[in-house]
Structures are given as C-alpha cells and as structure tokens.
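**Student:** Have a look at the structure that comes next, please.
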Amino acid sequence: MAGPAYIADSPGAVTKVALDGLAVLFHEPSGMTHIVASPAPEILEALQEGPADLAEILRRLSEVFDVEPLPSMGRGWGGVDSATRSVPAAMPPPPQPSPIKGEGAFAEALAARLAELEAAGLVRRA
Amino acid sequence: MSGTDDSNAFVPSRRTVLVLGAAAASTVVTVRPALAQTAGSVLNCEIPVPGPQAGGSYIAPDGSLVAPGTPGAAPPLARPLRGEEVKNLLRSGSTPAGVDSASAQAYANYIRRLQAGMSGFTCYASLQMPR
Amino acid sequence: MRHELALRIGPVAFRIGSAWRSPLDALARLYAGYPAPEDGLCDFTVRLEPERPWRRFIRPSVAIRGDYILPDAAPLSLAHGLLAAEMGMNLQMALGQRTWLLLHAATVEKDGRAIVMTGESGAGKSTLAALLGERGWRLMGDEFALLDIGSGALLPFPRAISLKNGAIGVMEAEVEAGRFGPRLAGTPKGDIRHLRPNAEAIARMDEGAKPALILFPRFGEAAAVRGVGQAEVFMRLTQASTNYVALGRRGFDALTDLVRNVPALAIDYPDTETAVGLIADFRRELAA
C-alpha cells in the first residue's frame with residue numbers, strides 16, 4: 001500500500017530508560033520527555049533501519065514479533081456466551097487479515113500509533 | 001535507541017506477541033511543563049474581565065468581545081476576579097460576589113478563551129487542575 | 001530599596017528589599033537564628049513595592065517583584081506583607097532555580113535517610129512535615145525539595161512552615177509561641193501562620209541526605225497504603241517540579257535515577273497522628 005514514509009531520529013537523539021513495563025524517552029532535539037508504552041518503542045526501533053511506510057513498518061515488526069492488532073479477547077470468538085445466544089464450541093476464529101498486506105485492523109492500529117508518535121515529534125514524514 | 005537502557009526488549013529469545021492496540025488507545029504521553037500548577041500555589045493571582053486592551057468592550061455569552069451595550073452581552077467587571085473566584089466559577093458555575101449570574105456564564109467563557117499574552121492568561125493556566 | 005534584609009536558607013541566599021519596614025521586621029523575627037549569606041552574596045532578590053507610587057501610603061498595597069515575576073499577580077495588603085515576602089521567595093525558586101531539580105514536596109530526615117512527601121497543595125504535606133519535625137525527625141523543608149543532579153542527594157531548604165487554618169491550632173498545641181509568626185487572617189487561602197523550624201533543623205541546614213522513600217500522602221481517607229508504579233511516580237514528579245523541563249537532559253537523568261533507585265508509596269490517612277504512625281513504620285522497615 002502506498003502511503004507516507006516515516007522517519008525516526010537516530011539512536012543518539014533519544015535517551016531511553018525502562019520503568020516497570022513502560023519506557024521514558026528524552027528527545028534531545030526538542031528537549032521533550034515522553035512516557036511510552038509498547039508498541040511505541042518497538043516501532044521507533046523498527047524505523048532505525050531507515051524510512052518506511054505503514055506496510056514496511058508492519059513487515060519489519062512481523063520479522064521479530066507475532067503482531068496482533070488488539071489484545072486477544074479470551075475464550076471463543078465473539079466474546080460472551082449468553083443464554084440466548086450460544087457460540088458453537090468448534091467455531092473457528094475469523095480469518096485474520098494478513099499483516100504483510102497491512103489491511104483492516106492492522107493498518108488502522110498502526111496508523112494510530114504513528115499518528116501519536118508524529119504528534120509527539122518522535123517521528124516525522126520523509 | 002541509546003545505550004542507557006539495559007533491558008533490551010527488541011531482540012527477544014523467542015517470538016513475543018506485540019499488540020498494536022486500539023485506534024483510540026494512548027501509548028505516548030508527553031510531559032508538559034508544570035510551572036503553572038506549582039506557581040499557582042505560591043501566588044495569588046487575578047484575572048481582569050475583560051483585559052485592559054478591550055477598551056470597554058462588553059462580553060457576549062460565548063465569551064467573545066462585542067461593542068459596549070450590545071443586547072445580551074455582559075458589561076466589563078469593575079474589579080478583577082481573584083484566583084479562587086475564577087476556580088469556583090469555572091468548576092461549579094458559582095457566581096462571584098457582586099456579579100450578575102446571567103453574566104457569569106459570559107465571563108466564564110471569556111476566561112476559557114484566554115490565550116498566552118492576554119492579561120490574566122498565566123493566572124488562568126495556573127488554576128487548571130492537574131490532568 | 002528603602003529597607004533590606006539578607007537571609008540564607010540552606011544553599012540559597014535571598015535579598016529582600018521593601019518599601020515598608022514592617023514586613024522585614026516580621027521576617028527578621030520569624031527567621032531569628034538563621035545565618036546571613038556568605039560574603040553577603042545573594043542568589044535571588046525579592047522586592048516588595050507599592051502597586052502604584054501613592055499606594056505606599058494610601059491603603060498600602062504590596063506588589064511582589066524581584067528577579068523573577070509572574071504577571072497577573074494580585075498585590076497584598078501591608079498587613080500581609082510577611083506573606084508577600086514568603087511568596088516572593090517561593091516565586092524566585094519556582095522560576096529561577098537551575099542548580100537543583102526542584103520538587104514541590106516536604107522532606108524529613110532521620111539517620112541520614114530522607115522521606116520526600118509530595119502531592120497537590122492542600123494534601124497536608126506541610127502539617128505532616130511540621131509534626132514530624134517535632135517528633136524526632138529533622139525537617140529539611142516543607143515547600144521545596146532540592147535534588148542534587150550529580151549525586152542524587154537532597155539538600156535542605158528549611159523555610160518557615162506555612163500552616164493554614166486548622167493546622168495552625170494543631171501546631172500551636174505542640175510548639176512554643178516564640179517560634180510562630182503573626183496570625184494572618186483573611187488571606188486568599190484562609191488563615192495562615194508561619195512556624196520557624198526547630199533549632200536542629202536550622203543548625204543542620206547544610207547537611208544533605210539520601211532519599212529513601214517517596215510518599216504520596218492523601219488526607220481525609222481511611223488509612224491505606226499502596227505501592228506506586230515507577231512510570232506513574234515519574235509522571236507525578238514531573239508535575240510536581242517547577243524546573244524539570246527547563247533542566248533538559250540533566251533533569252531527565254536526575255529524575256529517572258531517583259525513580260529507579262527509590263521506592264514509592266501512596267498513603268491515605270484520616271488524621272495526622274495516623275500518618276505519623278505509618279511513617280514511623282516505614283522508617284523501621286527502611287532501617288531493617
């Protein structure tokens with residue numbers, strides 16, 4: 001998919017300190033401090049290889065991680081079993097969009113993450 | 001990333017799940033300067049309504065400045081509002097002493113529209129509750 | 001200016017100038033026993049000036065000015081001149097301090113270990129600090145904690161404690177009258193009375209301490225204690241600091257070091273005696 005290419009600053013521009021599951025970043029060029037949760041640091045790391053658009057970022061992340069759009073919902077698909085609506089035990093999960101194609105939920109989620117990073121000044125468009 | 005981090009989360013020994021998160025989720029929080037909140041506790045401040053540059057303008061219900069005598073608009077306040085009065089006005093709509101309650105809404109909206117450089121802005125900023 | 005007073009509090013020296021004599025007389029009495037600045041050199045100047053020239057005599061109105069000013073500041077009456085001087089000193093620290101990372105917090109110390117109590121104004125930090133200062137703890141400060149950026153140590157800044165409303169009576173019952181300033185009624189924050197730290201706090205005002213515990217006290221709830229995650233502590237401390245952003249990378253390093261090395265707890269307390277007891281428990285655990 002053609003979209004904007006994103007760039008992150010080089011490693012020397014950002015100081016990172018891990019704090020109980022989150023990371024605190026000091027961005028030298030702006031002098032600003034950001035507290036970030038996954039997948040923000042992983043996305044910044046993925047951009048170290050060079051400018052990338054959403055599909056490419058997704059591809060780089062997928063090389064290292066099992067990428068999911070959302071936290072897994074727990075038992076069964078469709079969530080709650082109710083008295084009026086029973087979900088067959090053998091129901092297969094819905095077809096997940098392929099991460100490489102960057103479609104659907106993946107693209108939306110990743111775009112949201114990049115928008116946050118852009119607003120914070122940690123990422124910009126090439 | 002620079003080398004201060006000693007817990008390298010980016011090359012796991014087995015594949016980890018990375019959740020991208022819902023579109024509305026917030027994964028980046030930027031630290032804002034906090035001078036206003038702290039200075040607010042050390043100084044009593046006041047907000048003239050409207051500021052001295054307004055030249056006698058009245059205040060429309062939405063807080064904008066209008067010509068004096070415009071129907072439905074509130075007159076300039078005779079004295080500046082103190083920090084505590086402004087806080088109460090903005091939080092609970094309680095009208096300061098000597099202020100007409102119908103005008104109170106106009107004054108509240110004027111204050112909310114204050115920008116940096118306008119008289120009273122620092123006071124308004126210092127009254128905001130921490131997020 | 002017409003009248004002047006020089007005062008050293010911990011590592012910071014102030015020159016306070018005033019168009020009127022009474023605020024400086026009150027300040028000198030409140031800070032009896034404090035040292036003069038070394039070599040007479042001052043870090044900050046506070047000036048108490050008439051809001052308009054004729055307001056020096058007619059309904060005297062004290063404007064707080066100095067090296068650093070905040071626009072929109074309301075002037076105070078001459079009767080509250082002492083309060084104006086205190087606010088002026090706070091303002092110089094809040095706006096001008098670049099040597100140490102400033103945290104809006106009360107600090108007490110025992111056996112070289114300091115407890116930093118931080119939170120919103122009105123959370124009861126000053127009262128707690130004042131009480132602990134009379135119960136065997138050394139008061140390092142009730143308004144500002146000074147964090148040394150290189151060493152991570154806390155430096156004392158034992159200003160007069162600003163007691164408000166109900167807290168005044170609490171401390172009047174504990175401390176002799178000579179250590180109090182005048183009761184100032186009808187200030188924007190209600191009644192205020194200043195309390196001079198005790199002789200030990202003054203004598204040891206050049207002695208730093210290692211931070212051992214960060215505390216977020218909250219008054220008015222049933223007693224409870226819970227841990228606070230490091231990221232939350234970090235965020236809350238940036239909001240409690242007037243100069244974190246201005247210090248840039250140095251501030252980041254100092255604060256991340258503090259948060260990584262020092263545990264943090266949030267406590268709810270229904271009354272100050274309960275809080276004093278909880279803090280005594282923490283101290284025993286820290287010393288163990």
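As shown in the structure tokens, the chain order sets the letters A, B, ...; within each chain, residues go from 1, and ligands are also counted from 1 in the order they appear.
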Give me, as a short mmCIF file (atom, residue, chain, number, x, y, z; two decimals) with C-alpha atoms, in the first residue's frame, the residues of chain A touching chain C, with the criterion being at most 12 Å (counting only C-alpha atoms).

**Tutor:**
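Resulting contents of part-v9.cif:
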```
data_model
loop_
_atom_site.label_atom_id
_atom_site.label_comp_id
_atom_site.auth_asym_id
_atom_site.auth_seq_id
_atom_site.Cartn_x
_atom_site.Cartn_y
_atom_site.Cartn_z
CA ALA A 13 18.98 11.69 19.67
CA VAL A 14 16.86 9.76 22.12
CA THR A 15 17.72 8.55 25.63
CA LYS A 16 15.58 5.70 26.83
CA VAL A 17 15.05 4.47 30.37
CA ALA A 18 12.86 1.49 31.20
CA LEU A 19 10.44 1.92 34.10
CA ASP A 20 8.28 -1.06 35.15
CA GLY A 21 6.95 -2.06 31.75
CA LEU A 22 6.96 1.40 30.23
CA ALA A 23 9.76 3.50 28.81
CA VAL A 24 10.64 7.13 29.37
CA LEU A 25 12.25 8.86 26.41
CA PHE A 26 14.22 12.10 26.36
CA HIS A 27 14.27 13.56 22.86
CA GLU A 28 17.36 15.79 22.61
CA PRO A 29 16.35 17.83 19.56
CA SER A 30 13.14 19.00 21.21
CA GLY A 31 14.16 18.70 24.87
CA MET A 32 10.86 16.97 25.49
CA THR A 33 10.18 13.91 27.63
CA HIS A 34 7.68 11.24 26.68
CA ILE A 35 6.39 8.21 28.54
CA VAL A 36 5.69 5.45 26.05
CA ALA A 37 4.11 2.02 26.11
#
```

**Student:** Residues of chain B near chain A: apply a cut-off of 6 Å, count only C-alpha atoms, and supply the list as number ranges by chain.

**Tutor:** B: 1-2, 5, 15-23, 27-31

**Student:** Please identify all polymer residues within 7 Å of stretch 189-195 of chain C, counting only C-alpha atoms, omitting same-chain residues fewer than 6 positions from it, and present them as a ChimeraX atom specification.

**Tutor:** /C:160-165,168,179-183

**Student:** Residues of the last selection are to be written out with N, CA and C atoms, as a short mmCIF file (atom, residue, chain, number, x, y, z; two decimals), in the first residue's frame.

**Tutor:**
```
data_model
loop_
_atom_site.label_atom_id
_atom_site.label_comp_id
_atom_site.auth_asym_id
_atom_site.auth_seq_id
_atom_site.Cartn_x
_atom_site.Cartn_y
_atom_site.Cartn_z
N ALA C 160 10.39 28.80 56.71
CA ALA C 160 9.33 28.80 57.72
C ALA C 160 8.15 28.02 57.14
N ILE C 161 7.55 27.18 57.96
CA ILE C 161 6.45 26.34 57.50
C ILE C 161 5.17 27.17 57.44
N SER C 162 4.47 27.03 56.32
CA SER C 162 3.25 27.80 56.14
C SER C 162 2.06 26.96 56.58
N LEU C 163 1.50 27.26 57.74
CA LEU C 163 0.37 26.49 58.27
C LEU C 163 -0.93 27.20 57.93
N LYS C 164 -1.92 26.41 57.53
CA LYS C 164 -3.18 27.04 57.14
C LYS C 164 -4.33 26.57 58.03
N ASN C 165 -5.21 27.46 58.34
CA ASN C 165 -6.48 27.16 59.00
C ASN C 165 -6.34 26.16 60.15
N ILE C 168 -3.04 25.28 62.04
CA ILE C 168 -2.42 26.25 62.96
C ILE C 168 -2.64 25.80 64.41
N ARG C 179 8.11 30.58 68.36
CA ARG C 179 8.53 30.12 67.02
C ARG C 179 7.53 30.48 65.94
N PHE C 180 6.43 31.12 66.32
CA PHE C 180 5.40 31.44 65.34
C PHE C 180 5.51 32.88 64.86
N GLY C 181 5.12 33.09 63.60
CA GLY C 181 4.92 34.44 63.10
C GLY C 181 3.52 34.88 63.48
N PRO C 182 3.12 36.07 63.05
CA PRO C 182 1.78 36.55 63.39
C PRO C 182 0.71 35.73 62.66
N ARG C 183 -0.49 35.70 63.26
CA ARG C 183 -1.60 35.04 62.59
C ARG C 183 -2.14 36.00 61.53
#
```

**Student:** Write out as a ChimeraX atom specification every residue belonging to chain C that has an atom at most 7 Å from any atom of chain B, counting only C-alpha atoms.

**Tutor:** /C:71-74,87,90-91,94,121,188,239-242,245

**Student:** Can you tell me which residues surround C:Leu154 at a distance of at most 7 Å, considering only C-alpha atoms, apart from same-chain residues fewer than 4 positions away, and format the answer as a ChimeraX atom specification?

**Tutor:** /C:145-148,208-211

**Student:** Which one is closest to C:Ser61: C:Gly178, C:Gly81, C:Gly169, C:Pro35? Count only C-alpha atoms.

**Tutor:**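 Of all the options, C:Gly81 lies closest to C:Ser61.
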
**Student:** So that I can check the surroundings of C:Tyr34, please list as a list in words every protein, DNA and RNA residue that reaches within 8 Å of it, counting only C-alpha atoms and ignoring chain neighbours fewer than 4 positions away.

**Tutor:**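 So the residues in contact are Leu7, Arg8, Ile9 and Ile202 of chain C.
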
**Student:** Tell me, in Å to one decimal, how far atom CA of C:Leu128 is from atom CA of C:Gly88.

**Tutor:**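 Calculated distance between atom CA of C:Leu128 and atom CA of C:Gly88 is 23.7 Å.
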
**Student:** Give the strand (DSSP E) residues of stretch 15-223 of chain C, as assigned by DSSP on the backbone, as a ChimeraX atom specification.

**Tutor:** /C:15-18,44-50,61-66,76-77,100-110,113-118,138-141,144-148,154-155,161-164,180-187,190-195,210-219

**Student:** Residues at most 8 Å from C:Gly220, counting only C-alpha atoms, excluding those fewer than 5 positions away in the same chain, as a list in words?

**Tutor:**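 After dropping sequence-adjacent residues, the list is Asp268, Tyr269, Pro270 and Asp271 of chain C.
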
**Student:** Could you pull the residues within 12 Å of C:Arg56, counting only C-alpha atoms, minus those fewer than 3 positions along the same chain, as a ChimeraX atom specification?

**Tutor:** /C:2,18-21,48-53,59-63,77-78

**Student:** Distance atom CA of C:Glu134-atom CA of C:Ile214, one decimal place?

**Tutor:**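 Here the two named atoms are 20.5 Å from each other.
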
**Student:** Please measure the separation of atom CA of B:Ser57 and atom CA of B:Ala74, giving the value in Å to one decimal.

**Tutor:** 9.2 Å

**Student:** Quick one: of C:Glu207, C:Asp111, C:Glu4, C:Glu86, who's nearest to C:Trp137, counting only C-alpha atoms?

**Tutor:** C:Asp111
